[in-house]
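Peer 1: Structure supplied as coords-v5.pdb; contents: PDB, C-alpha atoms and all ligand atoms.
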```
ATOM      1  CA  MET H   1     -11.884 -25.937  11.990
ATOM      2  CA  LEU H   2     -13.118 -23.361   9.599
ATOM      3  CA  GLU H   3     -16.594 -21.936   9.674
ATOM      4  CA  ILE H   4     -18.174 -21.044   6.383
ATOM      5  CA  PRO H   5     -20.054 -17.771   6.048
ATOM      6  CA  VAL H   6     -23.677 -18.231   5.141
ATOM      7  CA  GLY H   7     -25.516 -16.331   2.440
ATOM      8  CA  LEU H   8     -25.293 -12.579   2.403
ATOM      9  CA  HIS H   9     -28.859 -11.452   2.179
ATOM     10  CA  TYR H  10     -29.866  -8.216   3.679
ATOM     11  CA  GLY H  11     -33.515  -7.588   4.529
ATOM     12  CA  ALA H  12     -33.513  -3.845   3.914
ATOM     13  CA  GLY H  13     -33.041  -4.263   0.181
ATOM     14  CA  VAL H  14     -29.503  -2.968   0.112
ATOM     15  CA  LYS H  15     -27.621  -4.376  -2.818
ATOM     16  CA  VAL H  16     -24.772  -6.308  -1.384
ATOM     17  CA  ARG H  17     -21.715  -7.614  -3.067
ATOM     18  CA  THR H  18     -19.631  -8.022   0.020
ATOM     19  CA  LEU H  19     -16.517  -9.895  -0.672
ATOM     20  CA  LEU H  20     -16.447 -13.228   1.002
ATOM     21  CA  ALA H  21     -12.840 -14.048   1.033
ATOM     22  CA  ILE H  22     -11.746 -16.458   3.615
ATOM     23  CA  TRP H  23      -8.659 -16.673   5.665
ATOM     24  CA  ALA H  24      -8.287 -20.345   6.225
ATOM     25  CA  VAL H  25      -6.942 -21.284   9.615
ATOM     26  CA  ALA H  26      -3.743 -23.166  10.123
ATOM     27  CA  THR H  27      -5.524 -26.235  11.388
ATOM     28  CA  ALA H  28      -7.032 -26.794   7.959
ATOM     29  CA  ASN H  29      -3.626 -27.018   6.384
ATOM     30  CA  VAL H  30      -2.856 -30.665   6.102
ATOM     31  CA  LEU H  31      -4.281 -31.577   2.787
ATOM     32  CA  LEU H  32      -5.109 -34.953   1.462
ATOM     33  CA  ALA H  33      -4.936 -35.717  -2.196
ATOM     34  CA  GLN H  34      -8.447 -36.510  -3.266
ATOM     35  CA  ASP H  35     -10.509 -36.522  -6.386
ATOM     36  CA  THR H  36     -12.427 -33.284  -6.245
ATOM     37  CA  GLY H  37     -13.531 -33.239  -9.850
ATOM     38  CA  ALA H  38     -11.580 -30.007 -10.343
ATOM     39  CA  PRO H  39      -9.263 -29.792 -13.345
ATOM     40  CA  ASN H  40      -5.621 -30.593 -12.680
ATOM     41  CA  ILE H  41      -3.839 -27.321 -11.934
ATOM     42  CA  ALA H  42      -0.593 -28.823 -13.224
ATOM     43  CA  ASP H  43      -2.094 -28.425 -16.710
ATOM     44  CA  PHE H  44      -2.641 -24.671 -16.287
ATOM     45  CA  PRO H  45      -0.353 -22.128 -17.976
ATOM     46  CA  ARG H  46       2.170 -21.137 -15.333
ATOM     47  CA  VAL H  47       4.598 -18.267 -14.800
ATOM     48  CA  GLY H  48       7.087 -17.233 -12.151
ATOM     49  CA  ASP H  49       9.078 -20.208 -11.027
ATOM     50  CA  THR H  50      12.646 -19.956  -9.725
ATOM     51  CA  GLY H  51      13.433 -16.722  -7.918
ATOM     52  CA  SER H  52       9.954 -15.233  -8.211
ATOM     53  CA  ARG H  53       7.834 -14.226  -5.266
ATOM     54  CA  TYR H  54       4.833 -15.930  -6.802
ATOM     55  CA  GLN H  55       4.154 -18.953  -8.896
ATOM     56  CA  VAL H  56       0.957 -18.155 -10.778
ATOM     57  CA  LEU H  57      -1.247 -20.730 -12.465
ATOM     58  CA  CYS H  58      -4.123 -19.411 -14.552
ATOM     59  CA  GLN H  59      -6.626 -21.751 -16.118
ATOM     60  CA  ASN H  60      -7.459 -19.159 -18.777
ATOM     61  CA  SER H  61      -4.133 -18.128 -20.281
ATOM     62  CA  ARG H  62      -0.471 -17.453 -19.801
ATOM     63  CA  GLN H  63      -1.203 -13.787 -20.495
ATOM     64  CA  LEU H  64      -3.463 -13.526 -17.458
ATOM     65  CA  ALA H  65      -0.896 -15.426 -15.376
ATOM     66  CA  LEU H  66       1.693 -12.802 -16.339
ATOM     67  CA  GLU H  67      -0.661  -9.973 -15.377
ATOM     68  CA  VAL H  68      -1.556 -11.601 -12.054
ATOM     69  CA  ASN H  69       2.108 -12.215 -11.308
ATOM     70  CA  GLY H  70       2.944  -8.570 -11.973
ATOM     71  CA  PHE H  71       0.033  -7.371  -9.855
ATOM     72  CA  MET H  72       0.777  -9.655  -6.895
ATOM     73  CA  THR H  73       4.473  -8.806  -6.889
ATOM     74  CA  ALA H  74       3.723  -5.069  -7.028
ATOM     75  CA  ILE H  75       1.084  -5.140  -4.331
ATOM     76  CA  LEU H  76       3.204  -7.262  -1.977
ATOM     77  CA  GLY H  77       6.008  -4.733  -2.447
ATOM     78  CA  GLN H  78       3.607  -1.922  -1.560
ATOM     79  CA  TYR H  79       2.394  -3.730   1.575
ATOM     80  CA  GLU H  80       6.024  -4.170   2.607
ATOM     81  CA  LYS H  81       6.684  -0.475   2.097
ATOM     82  CA  TYR H  82       3.524   0.620   3.878
ATOM     83  CA  PHE H  83       4.303  -1.485   6.933
ATOM     84  CA  GLN H  84       8.084  -1.242   6.569
ATOM     85  CA  ASN H  85       8.297  -4.993   6.732
ATOM     86  CA  TRP H  86      11.264  -6.311   4.772
ATOM     87  CA  SER H  87      11.363  -9.811   6.251
ATOM     88  CA  ALA H  88      12.193 -12.645   3.879
ATOM     89  CA  LYS H  89       9.030 -14.155   2.455
ATOM     90  CA  ASP H  90       8.785 -17.541   0.851
ATOM     91  CA  ALA H  91       7.391 -17.804  -2.632
ATOM     92  CA  ALA H  92       3.637 -18.234  -2.652
ATOM     93  CA  ARG H  93       1.353 -19.877  -5.171
ATOM     94  CA  VAL H  94      -1.592 -18.138  -6.808
ATOM     95  CA  ILE H  95      -4.228 -20.124  -8.673
ATOM     96  CA  VAL H  96      -6.863 -18.392 -10.797
ATOM     97  CA  PHE H  97      -9.644 -20.532 -12.215
ATOM     98  CA  ASP H  98     -11.576 -19.207 -15.190
ATOM     99  CA  ASN H  99     -14.932 -20.198 -13.721
ATOM    100  CA  ALA H 100     -16.543 -20.348 -10.304
ATOM    101  CA  GLU H 101     -17.538 -24.002 -10.550
ATOM    102  CA  ASP H 102     -14.003 -25.358 -10.932
ATOM    103  CA  PHE H 103     -12.822 -22.968  -8.217
ATOM    104  CA  ARG H 104     -15.414 -24.321  -5.799
ATOM    105  CA  LYS H 105     -14.522 -27.921  -6.609
ATOM    106  CA  TYR H 106     -10.881 -27.169  -5.909
ATOM    107  CA  ALA H 107     -11.719 -25.167  -2.771
ATOM    108  CA  GLY H 108     -13.954 -27.948  -1.541
ATOM    109  CA  GLY H 109     -11.142 -30.445  -1.946
ATOM    110  CA  ALA H 110      -8.616 -28.177  -0.266
ATOM    111  CA  VAL H 111     -10.376 -26.582   2.676
ATOM    112  CA  SER H 112     -13.932 -27.886   2.580
ATOM    113  CA  LEU H 113     -15.273 -24.554   1.403
ATOM    114  CA  THR H 114     -17.850 -24.819  -1.284
ATOM    115  CA  HIS H 115     -20.276 -22.060  -0.440
ATOM    116  CA  ALA H 116     -21.556 -20.064  -3.383
ATOM    117  CA  GLY H 117     -20.474 -16.768  -1.810
ATOM    118  CA  LEU H 118     -16.844 -17.747  -1.494
ATOM    119  CA  ALA H 119     -14.722 -15.539  -3.746
ATOM    120  CA  GLY H 120     -11.215 -16.566  -2.753
ATOM    121  CA  TYR H 121      -9.061 -17.794   0.062
ATOM    122  CA  CYS H 122      -5.495 -17.759   1.297
ATOM    123  CA  HIS H 123      -4.144 -20.569   3.404
ATOM    124  CA  LEU H 124      -0.936 -22.214   4.449
ATOM    125  CA  LYS H 125      -0.677 -25.373   2.422
ATOM    126  CA  THR H 126       1.559 -28.333   3.115
ATOM    127  CA  ASP H 127       2.818 -30.252   0.106
ATOM    128  CA  GLU H 128       3.665 -33.952  -0.020
ATOM    129  CA  ALA H 129       7.292 -33.243   0.915
ATOM    130  CA  GLY H 130       6.136 -31.415   4.062
ATOM    131  CA  ASN H 131       6.925 -27.911   2.798
ATOM    132  CA  GLN H 132       4.544 -25.198   3.896
ATOM    133  CA  PHE H 133       3.664 -22.314   1.649
ATOM    134  CA  TYR H 134       0.888 -19.809   1.163
ATOM    135  CA  GLU H 135      -1.607 -20.708  -1.520
ATOM    136  CA  LEU H 136      -4.017 -18.032  -2.759
ATOM    137  CA  VAL H 137      -6.941 -19.275  -4.814
ATOM    138  CA  THR H 138      -9.687 -17.459  -6.676
ATOM    139  CA  TYR H 139     -11.491 -17.313 -10.014
ATOM    140  CA  GLU H 140     -12.021 -14.743 -12.730
ATOM    141  CA  SER H 141     -14.767 -12.303 -11.871
ATOM    142  CA  GLN H 142     -15.256  -8.565 -12.065
ATOM    143  CA  ASN H 143     -13.737  -8.402  -8.583
ATOM    144  CA  LEU H 144     -10.624 -10.403  -9.472
ATOM    145  CA  TRP H 145      -8.076  -7.683  -8.626
ATOM    146  CA  ARG H 146      -9.780  -6.807  -5.370
ATOM    147  CA  VAL H 147      -9.883 -10.440  -4.321
ATOM    148  CA  LEU H 148      -6.181 -10.761  -5.167
ATOM    149  CA  ALA H 149      -5.309  -7.630  -3.170
ATOM    150  CA  HIS H 150      -7.424  -8.975  -0.291
ATOM    151  CA  GLU H 151      -5.890 -12.455  -0.247
ATOM    152  CA  GLY H 152      -2.419 -10.989  -0.793
ATOM    153  CA  PHE H 153      -2.991  -8.912   2.309
ATOM    154  CA  HIS H 154      -3.849 -12.009   4.349
ATOM    155  CA  GLN H 155      -0.614 -13.554   3.129
ATOM    156  CA  PHE H 156       1.399 -10.431   3.983
ATOM    157  CA  ILE H 157      -0.137  -9.906   7.417
ATOM    158  CA  GLY H 158       0.870 -13.442   8.379
ATOM    159  CA  TYR H 159       4.465 -12.231   8.094
ATOM    160  CA  GLU H 160       3.758  -8.889   9.761
ATOM    161  CA  GLN H 161       1.581  -9.941  12.690
ATOM    162  CA  GLY H 162       1.769 -13.717  12.919
ATOM    163  CA  GLN H 163      -1.180 -16.090  12.967
ATOM    164  CA  GLN H 164      -2.634 -14.806  16.240
ATOM    165  CA  ILE H 165      -4.032 -11.576  14.833
ATOM    166  CA  PRO H 166      -7.671 -11.024  15.898
ATOM    167  CA  ILE H 167     -10.046 -12.084  13.156
ATOM    168  CA  TRP H 168     -11.902  -8.716  12.969
ATOM    169  CA  LEU H 169      -8.581  -6.966  12.436
ATOM    170  CA  ASN H 170      -7.376  -9.432   9.806
ATOM    171  CA  GLU H 171     -10.590  -9.337   7.763
ATOM    172  CA  GLY H 172     -11.169  -5.626   8.385
ATOM    173  CA  MET H 173      -7.727  -4.696   7.114
ATOM    174  CA  ALA H 174      -7.856  -7.099   4.155
ATOM    175  CA  GLN H 175     -11.048  -5.301   3.083
ATOM    176  CA  TYR H 176      -9.487  -1.902   3.769
ATOM    177  CA  PHE H 177      -6.633  -2.778   1.401
ATOM    178  CA  GLU H 178      -8.646  -4.578  -1.289
ATOM    179  CA  THR H 179      -9.399  -1.310  -3.122
ATOM    180  CA  SER H 180      -5.687  -0.426  -3.266
ATOM    181  CA  PHE H 181      -4.212   0.786  -6.510
ATOM    182  CA  ILE H 182      -0.849   2.032  -7.684
ATOM    183  CA  ILE H 183      -0.248   5.059  -9.903
ATOM    184  CA  GLY H 184       3.396   5.561 -10.767
ATOM    185  CA  SER H 185       5.183   4.980  -7.489
ATOM    186  CA  GLN H 186       2.215   6.150  -5.409
ATOM    187  CA  PHE H 187       0.270   3.556  -3.458
ATOM    188  CA  HIS H 188      -3.327   4.543  -2.779
ATOM    189  CA  VAL H 189      -5.161   2.643  -0.064
ATOM    190  CA  GLY H 190      -8.461   2.642   1.726
ATOM    191  CA  GLN H 191     -10.798   3.814  -1.041
ATOM    192  CA  VAL H 192     -14.355   3.550   0.270
ATOM    193  CA  SER H 193     -16.381   1.006  -1.680
ATOM    194  CA  ARG H 194     -19.976   2.094  -2.222
ATOM    195  CA  SER H 195     -21.521  -1.345  -1.669
ATOM    196  CA  LYS H 196     -19.520  -1.990   1.483
ATOM    197  CA  LEU H 197     -20.299   1.460   2.895
ATOM    198  CA  LEU H 198     -24.032   1.183   2.140
ATOM    199  CA  TYR H 199     -24.139  -2.158   3.838
ATOM    200  CA  ALA H 200     -22.333  -0.929   6.964
ATOM    201  CA  GLN H 201     -24.529   2.185   7.112
ATOM    202  CA  ALA H 202     -27.696   0.093   6.765
ATOM    203  CA  LEU H 203     -26.582  -2.187   9.600
ATOM    204  CA  ILE H 204     -26.001   0.845  11.828
ATOM    205  CA  VAL H 205     -29.281   2.560  10.918
ATOM    206  CA  ASN H 206     -31.262  -0.645  11.432
ATOM    207  CA  LYS H 207     -29.461  -1.413  14.691
ATOM    208  CA  GLN H 208     -28.246  -4.757  13.358
ATOM    209  CA  ALA H 209     -24.553  -4.072  13.889
ATOM    210  CA  PRO H 210     -22.945  -5.789  16.863
ATOM    211  CA  PRO H 211     -21.515  -3.417  19.520
ATOM    212  CA  LEU H 212     -17.828  -2.834  18.800
ATOM    213  CA  SER H 213     -16.972  -4.157  22.243
ATOM    214  CA  GLN H 214     -18.424  -7.507  21.094
ATOM    215  CA  LEU H 215     -17.088  -7.493  17.542
ATOM    216  CA  ILE H 216     -13.491  -7.192  18.697
ATOM    217  CA  GLN H 217     -13.907 -10.229  20.942
ATOM    218  CA  TRP H 218     -15.404 -12.580  18.371
ATOM    219  CA  ASP H 219     -13.362 -15.649  17.626
ATOM    220  CA  ARG H 220     -13.129 -17.088  14.116
ATOM    221  CA  ALA H 221     -16.113 -19.381  14.486
ATOM    222  CA  THR H 222     -18.358 -16.556  15.721
ATOM    223  CA  PHE H 223     -17.017 -14.148  13.108
ATOM    224  CA  TYR H 224     -17.680 -16.466  10.163
ATOM    225  CA  ALA H 225     -21.036 -17.576  11.554
ATOM    226  CA  ASN H 226     -22.015 -13.877  11.557
ATOM    227  CA  ALA H 227     -20.221 -13.064   8.320
ATOM    228  CA  ASN H 228     -22.970 -10.834   6.951
ATOM    229  CA  VAL H 229     -22.459  -8.323   9.757
ATOM    230  CA  ALA H 230     -18.886  -9.164  10.758
ATOM    231  CA  TYR H 231     -17.284  -8.323   7.391
ATOM    232  CA  PRO H 232     -18.808  -4.881   6.808
ATOM    233  CA  MET H 233     -18.494  -3.797  10.431
ATOM    234  CA  SER H 234     -14.880  -4.928  10.728
ATOM    235  CA  TRP H 235     -14.110  -2.938   7.573
ATOM    236  CA  ALA H 236     -15.911   0.081   9.064
ATOM    237  CA  LEU H 237     -14.034  -0.192  12.354
ATOM    238  CA  VAL H 238     -10.647  -0.422  10.637
ATOM    239  CA  TYR H 239     -11.563   2.510   8.407
ATOM    240  CA  TYR H 240     -12.571   4.599  11.423
ATOM    241  CA  LEU H 241      -9.502   3.751  13.485
ATOM    242  CA  VAL H 242      -7.138   4.475  10.607
ATOM    243  CA  ASN H 243      -8.803   7.659   9.322
ATOM    244  CA  ALA H 244     -10.958   9.356  11.949
ATOM    245  CA  HIS H 245      -8.142  11.143  13.750
ATOM    246  CA  ASP H 246      -6.101  12.450  10.823
ATOM    247  CA  GLU H 247      -2.894  10.761  11.892
ATOM    248  CA  ARG H 248      -0.190   9.477   9.640
ATOM    249  CA  PHE H 249      -0.381   5.694   9.680
ATOM    250  CA  GLY H 250       3.213   5.256  10.848
ATOM    251  CA  GLN H 251       2.673   7.424  13.932
ATOM    252  CA  SER H 252      -0.938   6.497  14.636
ATOM    253  CA  GLU H 253      -2.459   4.834  17.658
ATOM    254  CA  PHE H 254      -3.690   2.181  15.250
ATOM    255  CA  ARG H 255      -0.101   1.391  14.273
ATOM    256  CA  ARG H 256       0.906   1.278  17.943
ATOM    257  CA  TYR H 257      -1.969  -1.097  18.637
ATOM    258  CA  MET H 258      -0.724  -3.390  15.847
ATOM    259  CA  GLN H 259       2.773  -3.238  17.299
ATOM    260  CA  ASP H 260       1.382  -4.204  20.717
ATOM    261  CA  LEU H 261      -0.158  -7.319  19.184
ATOM    262  CA  LYS H 262       2.974  -8.126  17.233
ATOM    263  CA  TYR H 263       4.869  -8.252  20.511
ATOM    264  CA  GLY H 264       2.334 -10.542  22.119
ATOM    265  CA  GLN H 265       0.317  -8.171  24.263
ATOM    266  CA  ASP H 266      -3.282  -8.957  25.110
ATOM    267  CA  ASP H 267      -5.407  -7.681  22.239
ATOM    268  CA  ILE H 268      -8.400  -6.430  24.247
ATOM    269  CA  ARG H 269      -6.269  -4.664  26.832
ATOM    270  CA  SER H 270      -4.150  -3.096  24.090
ATOM    271  CA  PHE H 271      -7.279  -2.024  22.238
ATOM    272  CA  GLN H 272      -8.596  -0.290  25.373
ATOM    273  CA  ARG H 273      -5.255   1.305  26.125
ATOM    274  CA  ARG H 274      -4.846   2.710  22.619
ATOM    275  CA  PHE H 275      -8.419   3.722  21.834
ATOM    276  CA  GLY H 276     -10.041   4.240  25.230
ATOM    277  CA  ALA H 277     -11.100   1.897  27.994
ATOM    278  CA  ASP H 278     -14.813   2.525  27.509
ATOM    279  CA  ILE H 279     -15.451   1.442  23.938
ATOM    280  CA  ASP H 280     -19.200   1.969  24.305
ATOM    281  CA  HIS H 281     -18.396   5.612  25.017
ATOM    282  CA  TRP H 282     -17.101   6.237  21.474
ATOM    283  CA  GLN H 283     -19.461   3.807  19.712
ATOM    284  CA  ALA H 284     -21.726   6.783  18.836
ATOM    285  CA  ASP H 285     -18.797   8.752  17.412
ATOM    286  CA  PHE H 286     -17.863   5.741  15.267
ATOM    287  CA  GLU H 287     -21.436   5.353  14.005
ATOM    288  CA  ASN H 288     -21.766   9.050  13.159
ATOM    289  CA  TYR H 289     -18.455   8.970  11.330
ATOM    290  CA  ILE H 290     -19.475   5.980   9.191
ATOM    291  CA  LEU H 291     -22.940   7.431   8.499
ATOM    292  CA  ARG H 292     -21.353  10.644   7.171
ATOM    293  CA  LEU H 293     -18.775   8.885   5.035
ATOM    294  CA  GLN H 294     -18.994   9.214   1.241
ATOM    295  CA  PRO H 295     -18.233   6.409  -1.224
ATOM    296  CA  GLN H 296     -15.192   6.813  -3.455
ATOM    297  CA  THR H 297     -15.421   3.793  -5.704
ATOM    298  CA  ASN H 298     -17.806   1.008  -6.652
TER
HETATM  299 ZN    ZN H 301     -10.426 -12.279   3.986
END
```
Go through the file and emit its structure as structure tokens.

Peer 2:
Amino acid sequence: MLEIPVGLHYGAGVKVRTLLAIWAVATANVLLAQDTGAPNIADFPRVGDTGSRYQVLCQNSRQLALEVNGFMTAILGQYEKYFQNWSAKDAARVIVFDNAEDFRKYAGGAVSLTHAGLAGYCHLKTDEAGNQFYELVTYESQNLWRVLAHEGFHQFIGYEQGQQIPIWLNEGMAQYFETSFIIGSQFHVGQVSRSKLLYAQALIVNKQAPPLSQLIQWDRATFYANANVAYPMSWALVYYLVNAHDERFGQSEFRRYMQDLKYGQDDIRSFQRRFGADIDHWQADFENYILRLQPQTN
């Protein structure tokens, strides 16, 4: 079952454009053909069939499909390099609608997600022949490339960590990577988004953020039911764990923690072993770090 985040309204007047991109759970995968009222994606301009890593269908134009295909292929390659994960990955499908309404109709038919805040999702889809593949779906908006980087990360992390990854870590990292960009051969990650930072800071100042010791234990249902605090605080926690101690990612405790999970160790015990048994003890350090952080991008 998949819980749908409710509206993101913040009482303190902070302008919020938190990305609501959903990682659909495996149990929602068996799809029934039904009339959703959405246009038929088979009619969309399409690029990247045989041998490509992505098949991209864009309602708007073949030109956009080509651009999306290039972006997704590049960013997946950068995720592979960053995590040194060269496992074989099946081709995935990307669908970009040119308006939110058609996207929501399609999403509603696919995973019963029709909420107005939903910007995109990535799920394992099963076709009529029984083949499973990742399908990433979104629509054209000013955040299109961030949503694609975010959903592409969910796809990638399924290969890197498996489906058992804690939800705060999955959504926190997808947000951490959504501001990624590539210049030449350099991959830049983790740019601090102003709106996300302001939101996390406001939650901390107003004492509306859940204690980290709770956040890391939330299951999917609890996480999505508390989406308005869970998304920004999981981003903040990932940012802190990756950056606060000036370690190279490959040699960091954060990387070791991810490796622990990859090899099936208990996530809470691994978290305590890698970052300290008494999480409440460094909660204040985390909060001070986030409150001092400066935005780097919109
Ligand atoms: Zn997500």

Peer 1: Give the answer as one residue: which of H:Thr50, H:Asn60, H:Asn170, H:Ser141 has the shortest atom-to-atom distance to ligand ZN 301 (chain H), using all atoms listed in the file?

Peer 2: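 Of H:Thr50, H:Asn60, H:Asn170, H:Ser141, the one nearest ligand ZN 301 (chain H), counting all atoms listed in the file, is H:Asn170.
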
Peer 1: Assuming the chain letters and numbering stay as they are in my file, what does the PyMOL selection byres (((chain H and resi 176) around 12) and not hetatm) actually select? List them as a PDB file with C-alpha atoms, in the frame of the given file.

Peer 2:
```pdb
ATOM      1  CA  LEU H  19     -16.517  -9.895  -0.672  1.00  0.00           C
ATOM      2  CA  ARG H 146      -9.780  -6.807  -5.370  1.00  0.00           C
ATOM      3  CA  VAL H 147      -9.883 -10.440  -4.321  1.00  0.00           C
ATOM      4  CA  ALA H 149      -5.309  -7.630  -3.170  1.00  0.00           C
ATOM      5  CA  HIS H 150      -7.424  -8.975  -0.291  1.00  0.00           C
ATOM      6  CA  GLU H 151      -5.890 -12.455  -0.247  1.00  0.00           C
ATOM      7  CA  PHE H 153      -2.991  -8.912   2.309  1.00  0.00           C
ATOM      8  CA  HIS H 154      -3.849 -12.009   4.349  1.00  0.00           C
ATOM      9  CA  TRP H 168     -11.902  -8.716  12.969  1.00  0.00           C
ATOM     10  CA  LEU H 169      -8.581  -6.966  12.436  1.00  0.00           C
ATOM     11  CA  ASN H 170      -7.376  -9.432   9.806  1.00  0.00           C
ATOM     12  CA  GLU H 171     -10.590  -9.337   7.763  1.00  0.00           C
ATOM     13  CA  GLY H 172     -11.169  -5.626   8.385  1.00  0.00           C
ATOM     14  CA  MET H 173      -7.727  -4.696   7.114  1.00  0.00           C
ATOM     15  CA  ALA H 174      -7.856  -7.099   4.155  1.00  0.00           C
ATOM     16  CA  GLN H 175     -11.048  -5.301   3.083  1.00  0.00           C
ATOM     17  CA  PHE H 177      -6.633  -2.778   1.401  1.00  0.00           C
ATOM     18  CA  GLU H 178      -8.646  -4.578  -1.289  1.00  0.00           C
ATOM     19  CA  THR H 179      -9.399  -1.310  -3.122  1.00  0.00           C
ATOM     20  CA  SER H 180      -5.687  -0.426  -3.266  1.00  0.00           C
ATOM     21  CA  PHE H 181      -4.212   0.786  -6.510  1.00  0.00           C
ATOM     22  CA  HIS H 188      -3.327   4.543  -2.779  1.00  0.00           C
ATOM     23  CA  VAL H 189      -5.161   2.643  -0.064  1.00  0.00           C
ATOM     24  CA  GLY H 190      -8.461   2.642   1.726  1.00  0.00           C
ATOM     25  CA  GLN H 191     -10.798   3.814  -1.041  1.00  0.00           C
ATOM     26  CA  VAL H 192     -14.355   3.550   0.270  1.00  0.00           C
ATOM     27  CA  SER H 193     -16.381   1.006  -1.680  1.00  0.00           C
ATOM     28  CA  LYS H 196     -19.520  -1.990   1.483  1.00  0.00           C
ATOM     29  CA  LEU H 197     -20.299   1.460   2.895  1.00  0.00           C
ATOM     30  CA  TYR H 231     -17.284  -8.323   7.391  1.00  0.00           C
ATOM     31  CA  PRO H 232     -18.808  -4.881   6.808  1.00  0.00           C
ATOM     32  CA  MET H 233     -18.494  -3.797  10.431  1.00  0.00           C
ATOM     33  CA  SER H 234     -14.880  -4.928  10.728  1.00  0.00           C
ATOM     34  CA  TRP H 235     -14.110  -2.938   7.573  1.00  0.00           C
ATOM     35  CA  ALA H 236     -15.911   0.081   9.064  1.00  0.00           C
ATOM     36  CA  LEU H 237     -14.034  -0.192  12.354  1.00  0.00           C
ATOM     37  CA  VAL H 238     -10.647  -0.422  10.637  1.00  0.00           C
ATOM     38  CA  TYR H 239     -11.563   2.510   8.407  1.00  0.00           C
ATOM     39  CA  TYR H 240     -12.571   4.599  11.423  1.00  0.00           C
ATOM     40  CA  LEU H 241      -9.502   3.751  13.485  1.00  0.00           C
ATOM     41  CA  VAL H 242      -7.138   4.475  10.607  1.00  0.00           C
ATOM     42  CA  ASN H 243      -8.803   7.659   9.322  1.00  0.00           C
TER      43      ASN H 243
END
```

Peer 1: Rounded to one decimal, what separation in Å do you get between CA of Ala65 in chain H and CA of Ile182 in chain H?

Peer 2: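 Going from CA of Ala65 in chain H over to CA of Ile182 in chain H, I get 19.1 Å.
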
Peer 1: What is the CA of Asn69 in chain H-CA of Thr138 in chain H distance in Å, reported with one decimal?

Peer 2: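 So the two atoms, CA of Asn69 in chain H and CA of Thr138 in chain H, lie 13.7 Å apart.
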
Peer 1: Select, from H:Arg248, H:Arg255, H:Arg62, H:Lys207, the residue with the minimum atom-to-atom distance to Ser270 in chain H, counting only C-alpha atoms.

Peer 2: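 Of all the options, H:Arg255 lies closest to Ser270 in chain H.
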
Peer 1: Between H:Gln161, H:Thr36, H:Ser213, H:Gln59, which is the closest to Asp278 in chain H once you count only C-alpha atoms?

Peer 2: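 With only C-alpha atoms as the atom set, the closest residue is H:Ser213.
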
Peer 1: What does the distance between CA of Asn298 in chain H and CA of Ala209 in chain H come to in Å, to one decimal place?

Peer 2: 22.2 Å

Peer 1: Env of Gly264 in chain H: 12 Å cut, atoms = all atoms listed in the file, seq-sep filter 5 positions within chain, self excluded. Answer as number ranges by chain.

Peer 2: H: 161-166, 257-259, 269-270

Peer 1: Name the residues captured by the PyMOL selection byres (((chain H and resi 94) around 6) and not hetatm) when it is applied to the shown file; answer as a PyMOL selection string.

Peer 2: chain H and resi 56+93+95+135-137

Peer 1: Applied to the shown file, which residues does the PyMOL selection byres (((chain H and resi 104) around 10) and not hetatm) return, written as a list in words?

Peer 2: Thr36, Gly37, Ala38, Phe97, Asn99, Ala100, Glu101, Asp102, Phe103, Lys105, Tyr106, Ala107, Gly108, Gly109, Ala110, Ser112, Leu113, Thr114, His115, Ala116, Gly117, Leu118, Ala119, Gly120, Val137, Thr138 and Tyr139 of chain H

Peer 1: For Ile157 in chain H, which residue out of H:Phe286, H:Phe249, H:Phe83, H:Tyr121 is the nearest one, using only C-alpha atoms?

Peer 2: H:Phe83
